[in-house]
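Undergrad: What follows is the file start_26.txt, containing compact mmCIF, C-alpha atoms:
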```
# COMPACT_ATOMS: atom_id res chain seq x y z
CA MET A 5 -19.49 0.14 10.65
CA MET A 6 -20.24 2.52 13.46
CA ARG A 7 -22.79 0.10 14.78
CA TRP A 8 -20.17 -2.64 14.96
CA VAL A 9 -17.81 -0.40 16.87
CA PHE A 10 -20.53 0.24 19.39
CA ILE A 11 -21.39 -3.44 19.69
CA LEU A 12 -17.72 -4.19 20.27
CA VAL A 13 -17.48 -1.53 22.99
CA THR A 14 -20.57 -2.86 24.73
CA ALA A 15 -19.37 -6.45 24.59
CA PHE A 16 -16.04 -5.27 25.95
CA CYS A 17 -17.80 -3.58 28.87
CA LEU A 18 -19.87 -6.64 29.66
CA TRP A 19 -16.84 -8.90 29.45
CA GLY A 20 -14.94 -6.59 31.77
CA ALA A 21 -17.79 -6.47 34.28
CA ALA A 22 -18.07 -10.26 34.29
CA GLY A 23 -14.35 -10.58 34.76
CA PHE A 24 -14.35 -8.10 37.60
CA ILE A 25 -17.12 -9.93 39.41
CA GLY A 26 -15.30 -13.21 38.88
CA SER A 27 -11.94 -11.92 40.00
CA ALA A 28 -13.23 -10.08 43.05
CA ALA A 29 -13.76 -13.42 44.73
CA ASP A 30 -10.17 -14.57 44.38
CA ALA A 31 -8.51 -11.19 44.77
CA GLN A 32 -7.83 -11.76 48.46
CA PRO A 33 -5.22 -14.56 48.23
CA ALA A 34 -2.26 -12.53 47.07
CA ALA A 35 -0.67 -14.29 44.16
CA GLY A 36 2.68 -15.17 45.61
CA GLY A 37 4.82 -16.74 42.96
CA ARG A 38 3.71 -15.04 39.80
CA PRO A 39 6.49 -14.18 37.38
CA ALA A 40 5.24 -10.62 37.02
CA THR A 41 6.10 -9.83 40.63
CA LYS A 42 9.81 -10.10 40.10
CA VAL A 43 9.73 -7.90 37.02
CA GLU A 44 7.76 -5.19 38.74
CA ILE A 45 10.00 -4.96 41.73
CA LYS A 46 12.88 -4.28 39.40
CA ASP A 47 10.94 -1.68 37.47
CA SER A 48 9.55 0.05 40.50
CA ALA A 49 13.07 0.40 41.80
CA ARG A 50 13.94 2.09 38.56
CA SER A 51 10.99 4.45 38.88
CA ALA A 52 12.05 5.54 42.33
CA PRO A 53 12.20 9.26 41.35
CA TYR A 54 8.43 9.15 41.18
CA GLY A 55 8.35 8.96 44.92
CA HIS A 56 6.54 5.75 45.82
CA GLY A 57 8.74 3.06 44.38
CA ASP A 58 9.72 1.78 47.81
CA LYS A 59 6.11 1.48 48.89
CA LEU A 60 5.29 -0.62 45.87
CA GLU A 61 7.89 -3.19 46.84
CA ASN A 62 6.32 -3.71 50.24
CA LYS A 63 2.89 -4.44 48.86
CA PRO A 64 2.91 -7.33 46.45
CA SER A 65 -0.84 -7.89 46.80
CA SER A 66 -1.72 -4.74 44.81
CA LYS A 67 0.21 -5.96 41.79
CA SER A 68 -2.25 -8.44 40.42
CA PRO A 69 -2.04 -8.55 36.61
CA GLY A 70 -5.72 -9.44 36.38
CA MET A 71 -6.73 -6.24 38.11
CA ALA A 72 -4.42 -4.29 35.83
CA LEU A 73 -6.07 -5.90 32.81
CA LEU A 74 -9.49 -5.00 34.18
CA PHE A 75 -8.45 -1.42 34.83
CA TRP A 76 -7.12 -1.01 31.32
CA SER A 77 -10.23 -2.53 29.76
CA PHE A 78 -12.50 -0.24 31.77
CA ALA A 79 -10.32 2.74 30.95
CA ALA A 80 -10.50 1.80 27.27
CA ALA A 81 -14.29 1.59 27.46
CA THR A 82 -14.47 4.97 29.21
CA ILE A 83 -12.14 6.80 26.85
CA GLY A 84 -13.55 5.09 23.78
CA GLY A 85 -17.09 6.02 24.72
CA ALA A 86 -16.08 9.61 25.41
CA LEU A 87 -14.33 9.85 22.05
CA PHE A 88 -17.44 8.39 20.47
CA VAL A 89 -19.49 11.23 21.99
CA VAL A 90 -17.36 14.04 20.61
CA THR A 91 -16.70 12.56 17.17
CA ARG A 92 -20.00 11.09 15.99
CA ARG A 93 -22.27 13.05 13.69
CA ASN A 94 -25.26 10.85 14.50
CA LEU A 95 -26.70 11.93 17.85
CA ILE A 96 -28.08 8.51 18.76
CA ALA A 97 -24.62 7.00 18.20
CA ALA A 98 -23.19 9.68 20.48
CA VAL A 99 -25.69 8.78 23.22
CA MET A 100 -24.85 5.09 22.89
CA GLY A 101 -21.17 5.88 23.24
CA MET A 102 -22.04 7.92 26.30
CA VAL A 103 -23.82 4.92 27.84
CA GLY A 104 -20.75 2.76 27.26
CA CYS A 105 -18.60 5.48 28.78
CA PHE A 106 -20.82 5.62 31.87
CA LEU A 107 -20.71 1.85 32.29
CA GLY A 108 -16.92 2.02 32.21
CA ILE A 109 -16.93 4.85 34.74
CA SER A 110 -19.23 2.82 36.97
CA ALA A 111 -16.80 -0.10 36.86
CA VAL A 112 -13.91 2.21 37.69
CA TYR A 113 -15.88 3.45 40.72
CA MET A 114 -16.24 -0.17 41.75
CA MET A 115 -12.47 -0.56 41.58
CA LEU A 116 -12.20 2.48 43.87
CA TYR A 117 -14.42 0.71 46.44
CA ALA A 118 -17.25 3.18 45.87
CA HIS A 119 -19.95 0.52 45.57
CA PHE A 120 -22.91 2.76 46.29
CA LEU A 121 -21.72 5.51 43.95
CA SER A 122 -21.13 2.92 41.23
CA VAL A 123 -24.73 1.72 41.38
CA VAL A 124 -26.01 5.30 41.56
CA GLN A 125 -23.90 6.18 38.53
CA MET A 126 -25.40 3.32 36.55
CA LEU A 127 -28.98 4.09 37.60
CA VAL A 128 -28.94 7.87 37.34
CA TYR A 129 -26.64 8.45 34.39
CA ALA A 130 -26.93 5.41 32.15
CA GLY A 131 -30.58 5.05 33.10
CA ALA A 132 -32.29 8.37 33.66
CA ILE A 133 -30.21 11.11 32.10
CA MET A 134 -29.43 9.20 28.93
CA VAL A 135 -33.11 8.36 28.46
CA LEU A 136 -33.82 12.09 28.78
CA PHE A 137 -31.24 12.82 26.09
CA VAL A 138 -32.72 10.18 23.80
CA PHE A 139 -36.19 11.68 24.21
CA VAL A 140 -34.97 15.17 23.32
CA ILE A 141 -33.05 13.82 20.32
CA MET A 142 -36.18 12.06 19.13
CA ILE A 143 -38.12 15.33 19.49
CA LEU A 144 -35.54 17.34 17.58
CA ASN A 145 -34.77 14.72 14.91
CA ARG A 146 -32.54 17.02 12.90
CA PRO A 147 -29.23 15.73 11.50
CA GLU A 148 -26.28 18.05 11.63
CA ASP A 149 -24.94 19.67 8.49
CA GLU A 150 -21.42 20.33 9.63
CA PRO A 151 -20.59 19.12 13.13
CA VAL A 152 -17.25 20.85 13.60
CA ALA A 153 -16.67 24.54 13.15
CA PRO A 154 -13.96 25.32 10.59
CA SER A 155 -10.97 27.26 11.84
CA GLY A 156 -7.71 28.56 10.43
CA ARG A 157 -4.54 26.55 10.09
CA ALA A 158 -2.54 28.85 12.37
CA GLY A 159 -5.20 28.74 15.06
CA GLN A 160 -5.25 24.96 14.96
CA ALA A 161 -1.46 24.77 15.26
CA ILE A 162 -1.22 27.20 18.17
CA GLY A 163 -4.15 25.61 19.97
CA GLY A 164 -2.75 22.12 19.45
CA ILE A 165 0.65 23.05 20.82
CA ALA A 166 -0.84 24.82 23.83
CA ILE A 167 -3.18 21.93 24.63
CA SER A 168 -0.38 19.38 24.24
CA TYR A 169 1.85 21.29 26.61
CA LEU A 170 -0.92 21.66 29.18
CA VAL A 171 -1.77 17.96 28.97
CA PHE A 172 1.89 17.00 29.32
CA ARG A 173 2.29 19.12 32.45
CA LEU A 174 -0.96 17.86 33.91
CA ILE A 175 -0.07 14.21 33.44
CA MET A 176 3.42 14.73 34.86
CA LEU A 177 1.83 16.39 37.88
CA LEU A 178 -0.71 13.63 38.39
CA ILE A 179 1.86 10.85 38.06
CA ASN A 180 3.86 12.45 40.85
CA VAL A 181 0.97 12.35 43.32
CA LYS A 182 2.15 10.59 46.47
CA PRO A 183 -0.56 8.48 48.05
CA PRO A 184 -0.72 8.42 51.85
CA THR A 185 -1.92 4.82 51.73
CA PRO A 186 0.01 2.43 49.52
CA GLY A 187 -2.09 0.30 47.25
CA ALA A 188 -5.05 1.41 45.19
CA LEU A 189 -6.52 -2.04 44.77
CA GLU A 190 -6.42 -3.24 48.37
CA ALA A 191 -9.57 -3.25 50.41
CA PRO A 192 -9.80 -0.23 52.72
CA ALA A 193 -10.44 -0.51 56.43
CA GLN A 194 -14.01 -1.15 57.52
CA VAL A 195 -16.10 1.62 59.01
CA GLN A 196 -17.33 1.37 62.60
CA LEU A 197 -20.88 2.62 62.90
CA PRO A 198 -21.67 4.47 66.14
CA ASN A 199 -23.71 2.93 68.93
CA ILE A 200 -27.39 3.88 68.97
CA GLY A 201 -28.82 3.40 72.43
CA ALA A 202 -28.17 -0.15 73.55
CA GLN A 203 -27.52 -1.31 69.99
CA VAL A 204 -23.84 -1.73 69.33
CA GLY A 205 -22.72 -0.28 66.02
CA GLU A 206 -21.60 -2.84 63.51
CA ARG A 207 -18.63 -2.78 61.20
CA VAL A 208 -19.56 -2.22 57.57
CA ASP A 209 -17.58 -2.09 54.34
CA TRP A 210 -16.01 1.16 53.26
CA GLY A 211 -18.14 2.71 50.52
CA SER A 212 -21.22 0.60 51.18
CA VAL A 213 -24.68 2.09 51.48
CA LYS A 214 -24.62 2.10 55.27
CA ALA A 215 -21.25 3.80 55.49
CA VAL A 216 -22.12 6.47 52.93
CA GLY A 217 -25.51 6.98 54.56
CA MET A 218 -23.94 7.60 57.94
CA ASP A 219 -21.86 10.37 56.40
CA LEU A 220 -24.66 11.69 54.20
CA PHE A 221 -27.18 12.06 57.03
CA GLY A 222 -24.62 13.21 59.55
CA PRO A 223 -22.16 15.90 58.42
CA GLY A 224 -23.68 16.12 54.94
CA LEU A 225 -27.25 16.70 56.03
CA PHE A 226 -27.47 20.36 55.04
CA PRO A 227 -26.15 19.85 51.48
CA PHE A 228 -28.52 16.91 51.14
CA GLU A 229 -31.50 19.07 52.03
CA ALA A 230 -30.24 21.90 49.83
CA ILE A 231 -30.08 19.45 46.91
CA SER A 232 -33.77 18.70 47.33
CA ILE A 233 -34.60 22.39 46.95
CA LEU A 234 -32.27 22.63 43.95
CA LEU A 235 -33.98 19.69 42.27
CA LEU A 236 -37.42 21.21 42.90
CA VAL A 237 -36.32 24.53 41.38
CA ALA A 238 -34.78 22.71 38.41
CA VAL A 239 -37.94 20.72 37.73
CA VAL A 240 -40.16 23.81 37.89
CA GLY A 241 -37.70 25.79 35.77
CA ALA A 242 -37.40 23.09 33.12
CA ILE A 243 -41.16 22.84 32.79
CA ALA A 244 -41.49 26.63 32.65
CA ILE A 245 -38.82 26.91 29.93
CA ALA A 246 -39.90 24.00 27.77
CA ARG A 247 -43.64 24.72 27.94
CA PRO A 248 -45.02 25.76 24.53
CA LEU A 249 -45.84 29.43 24.28
CA LYS A 250 -49.23 30.61 23.10
CA ASP A 251 -48.08 32.35 19.93
CA ASP A 252 -46.29 29.42 18.34
CA ASN A 253 -49.14 26.99 18.59
CA GLU A 254 -49.98 27.42 14.94
CA GLN A 255 -46.45 26.83 13.62
CA GLY A 256 -45.00 24.20 15.92
CA GLY A 257 -47.79 22.38 17.65
CA ALA A 258 -46.25 18.98 16.99
CA ALA A 259 -42.98 19.90 18.62
CA MET B 17 7.15 0.63 31.59
CA SER B 18 5.70 -2.63 32.83
CA ALA B 19 5.32 -1.03 36.26
CA ILE B 20 2.98 1.49 34.71
CA LEU B 21 1.12 -1.25 32.86
CA PHE B 22 0.74 -3.81 35.62
CA ASN B 23 0.88 -1.80 38.81
CA ILE B 24 -2.32 0.18 39.08
CA THR B 25 -1.88 3.14 41.42
CA TYR B 26 -3.98 6.18 42.23
CA ALA B 27 -2.16 8.12 39.53
CA HIS B 28 -3.77 5.88 36.92
CA PHE B 29 -7.24 6.86 38.07
CA LEU B 30 -6.28 10.53 38.22
CA VAL B 31 -4.82 10.48 34.72
CA LEU B 32 -7.90 8.66 33.43
CA ALA B 33 -10.12 11.35 34.95
CA ALA B 34 -7.92 14.07 33.46
CA VAL B 35 -8.15 12.53 29.99
CA LEU B 36 -11.92 12.24 30.37
CA PHE B 37 -12.14 15.89 31.38
CA LEU B 38 -9.98 16.83 28.40
CA ILE B 39 -12.27 15.01 25.98
CA GLY B 40 -15.20 16.88 27.51
CA VAL B 41 -13.46 20.24 27.06
CA LEU B 42 -12.66 19.29 23.48
CA GLY B 43 -16.31 18.47 22.82
CA VAL B 44 -17.50 21.79 24.26
CA LEU B 45 -14.95 23.78 22.27
CA VAL B 46 -15.19 21.98 18.94
CA ARG B 47 -18.75 20.74 18.45
CA ARG B 48 -21.60 23.03 17.51
CA ASN B 49 -24.65 20.99 18.41
CA ALA B 50 -26.08 22.05 21.76
CA LEU B 51 -26.92 18.47 22.71
CA ILE B 52 -23.36 17.29 22.17
CA ILE B 53 -22.14 20.24 24.23
CA LEU B 54 -24.47 19.23 27.07
CA MET B 55 -23.17 15.65 26.89
CA SER B 56 -19.59 16.91 26.99
CA VAL B 57 -20.42 18.90 30.12
CA GLU B 58 -21.72 15.69 31.66
CA LEU B 59 -18.43 14.04 30.75
CA MET B 60 -16.53 16.78 32.57
CA LEU B 61 -18.71 16.42 35.66
CA ASN B 62 -18.04 12.70 35.65
CA ALA B 63 -14.32 13.27 35.40
CA ALA B 64 -14.49 15.58 38.41
CA ASN B 65 -16.48 12.91 40.25
CA MET B 66 -13.86 10.30 39.48
CA THR B 67 -11.15 12.57 40.84
CA ILE B 68 -13.15 13.17 44.00
CA LEU B 69 -13.67 9.46 44.54
CA THR B 70 -10.00 8.71 43.90
CA PHE B 71 -8.91 11.22 46.51
CA ALA B 72 -11.57 9.94 48.90
CA ARG B 73 -10.16 6.43 48.49
CA MET B 74 -6.63 7.74 48.82
CA TRP B 75 -7.27 9.46 52.14
CA GLY B 76 -9.84 6.98 53.39
CA ASP B 77 -12.40 9.77 53.79
CA LEU B 78 -16.03 8.91 53.13
CA SER B 79 -17.23 12.52 52.84
CA GLY B 80 -15.93 12.47 49.27
CA HIS B 81 -18.69 10.00 48.48
CA THR B 82 -21.31 12.42 49.86
CA PHE B 83 -19.84 15.16 47.73
CA ALA B 84 -19.86 12.98 44.62
CA LEU B 85 -23.50 12.09 45.22
CA ILE B 86 -24.35 15.80 45.42
CA VAL B 87 -22.43 16.43 42.20
CA ILE B 88 -24.53 13.73 40.50
CA ALA B 89 -27.73 15.42 41.71
CA VAL B 90 -26.55 18.82 40.45
CA ALA B 91 -25.66 17.24 37.10
CA ALA B 92 -29.15 15.77 36.84
CA ALA B 93 -30.70 19.19 37.53
CA GLU B 94 -28.37 20.78 34.98
CA ALA B 95 -29.31 18.20 32.35
CA ALA B 96 -33.04 18.81 32.91
CA VAL B 97 -32.77 22.60 32.63
CA GLY B 98 -30.32 22.44 29.73
CA LEU B 99 -32.51 20.09 27.74
CA GLY B 100 -35.50 22.32 28.46
CA ILE B 101 -33.57 25.27 27.03
CA VAL B 102 -32.58 23.19 23.99
CA VAL B 103 -36.20 22.26 23.33
CA ALA B 104 -37.32 25.88 23.72
CA VAL B 105 -34.62 27.12 21.35
CA PHE B 106 -35.46 24.45 18.80
CA ARG B 107 -39.11 25.37 18.93
CA GLY B 108 -38.35 28.95 17.97
CA ARG B 109 -35.53 28.44 15.47
CA ARG B 110 -35.73 24.91 14.08
CA ASN B 111 -32.08 24.20 14.85
CA VAL B 112 -29.81 23.87 17.86
CA ASP B 113 -26.57 25.09 16.29
CA VAL B 114 -24.90 27.28 18.90
CA ASP B 115 -22.99 29.23 16.24
CA ARG B 116 -26.26 30.53 14.86
CA LEU B 117 -27.59 31.75 18.21
CA THR B 118 -26.39 35.32 17.75
CA THR B 119 -29.47 37.29 18.76
CA LEU B 120 -27.97 38.57 21.99
CA ARG B 121 -24.83 39.67 20.18
CA HIS B 122 -26.51 42.56 18.32
```
When written as structure tokens, how does the structure in this file appear?
TA:
Amino acid sequence: MMRWVFILVTAFCLWGAAGFIGSAADAQPAAGGRPATKVEIKDSARSAPYGHGDKLENKPSSKSPGMALLFWSFAAATIGGALFVVTRRNLIAAVMGMVGCFLGISAVYMMLYAHFLSVVQMLVYAGAIMVLFVFVIMILNRPEDEPVAPSGRAGQAIGGIAISYLVFRLIMLLINVKPPTPGALEAPAQVQLPNIGAQVGERVDWGSVKAVGMDLFGPGLFPFEAISILLLVAVVGAIAIARPLKDDNEQGGAA
Amino acid sequence: MSAILFNITYAHFLVLAAVLFLIGVLGVLVRRNALIILMSVELMLNAANMTILTFARMWGDLSGHTFALIVIAVAAAEAAVGLGIVVAVFRGRRNVDVDRLTTLRH
């Protein structure tokens, strides 16, 4: 049964990705006479206490129902995968849910016009880190007896109430965030690359590899170099920690 | 209600990231397997990344992308060291249940 849930989540992700690629082509012509536009203007006027109802009326192009459907499908994949991670007893099932979650996150990055970060997310997380987790799980190969620690009834009640209150306040706070630029789904302005010598800088898309690289190797050069040292230290430290000691060769040589 | 459903704003992305972070916190607090705890930490780092990218998009500032890339690199380093610790602990004790790791307590 669990396997079918995972297959459904994966198919959902793939369907969403295909739909996003297909709809990105025709996202530019703003759908003028759709019936949803009229409804949303009325509702956004009603939600004026949230602060940006008037801005929503001026921008009909960000109210495409297809993009909303894609966002909700990616959000469902992300949240479903994350719930899969924390609820499954089988570790491999948890890793597979994590991969689905990362694919959903990658698609959400794409909706935020972070193209480069989306591809990096898919390569580094869904590719490298998850493969590392699968290797360690295969080494350990030990099913869990009892995945969740038991706790008292009173503790559960108090913790549940406190967490619910905190979540309620957090979501109310986040809904009230006023964006300085109106629409989340409109293409941002292009980035002008600087002139190098006689070569005139070109205009590139916001969030593309060139634009991110200009920022990464300009103002972000020192953190970039510091990351290389951090990765070197982490590699050496991981090898030093995980190396088998001399005195447990006779009991755990296979591990 | 239909404005919330059909009109995707930045708040949607922020709330999605917050829910993702919450699920990660829940996994760290509730589960006892060290591997699941590491995966939940990765979930929390991803939620923070999504928030960073949303604010970067909101303000039109590309340095958020640089920061998110550095967060991904730090998460990779953390995963490598954490999994090394898990393997070392498993080699000595034959389990990775964090509730049984009480040697430093006494």
Undergrad: Mind pulling up the distance from atom CA of Thr67 of chain B to atom CA of Val216 of chain A?
TA: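 Atom-to-atom, atom CA of Val216 of chain A to atom CA of Thr67 of chain B, that is 17.4 Å.
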Undergrad: Given only C-alpha atoms as the basis, pick out the residue of A:Val237, A:Ile179, A:Ile143, A:Ala244 nearest to chain B.
TA: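 Under the stated criterion, the closest residue is A:Ile179.
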Undergrad: Would you mind listing, as a list in words, all residues of chain B that have at least one atom within 6 Å of chain A, where only C-alpha atoms are what counts?
TA: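 Listing them in order of chain and number gives Ala19, Phe22, Asn23, Ile24, Thr25, Tyr26, Ala27, Gly43, Val46, Arg47, Arg48, Thr82, Ala93, Val97, Gly100 and Ala104 of chain B.
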Undergrad: What is the distance, in Å and to one decimal place, between atom CA of Gly108 of chain A and atom CA of Asp209 of chain A?
TA: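 The value is 22.5 Å.
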Undergrad: I'd like the interatomic distance between atom CA of Leu42 of chain B and atom CA of His122 of chain B, to a tenth of an Å.
TA: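 Computed distance, atom CA of Leu42 of chain B to atom CA of His122 of chain B, equals 27.6 Å.
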Undergrad: Could you tell me which of B:Leu69, B:Val105, B:Ala63, B:Met55 comes closest to Ala92 of chain B if we count all atoms listed in the file?
TA: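 For Ala92 of chain B, the nearest of the given residues is B:Met55.
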Undergrad: Pick the closest to Leu51 of chain B from A:Ala130, A:Met100, A:Val138, A:Ile165: which is it, counting all atoms listed in the file?
TA: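 Closest to Leu51 of chain B, using all atoms listed in the file: A:Val138.
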Undergrad: Could you check which of B:Val31, B:Gly98, B:Ser56, B:Leu36 is closest to Ala81 of chain A, using all atoms listed in the file?
TA: B:Leu36
Undergrad: I'd like to know which of B:Val112, B:Leu30, B:Val87, B:Val102 is closest to Phe71 of chain B, using all atoms listed in the file.
TA: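 Among the listed residues, the smallest separation from Phe71 of chain B belongs to B:Leu30.
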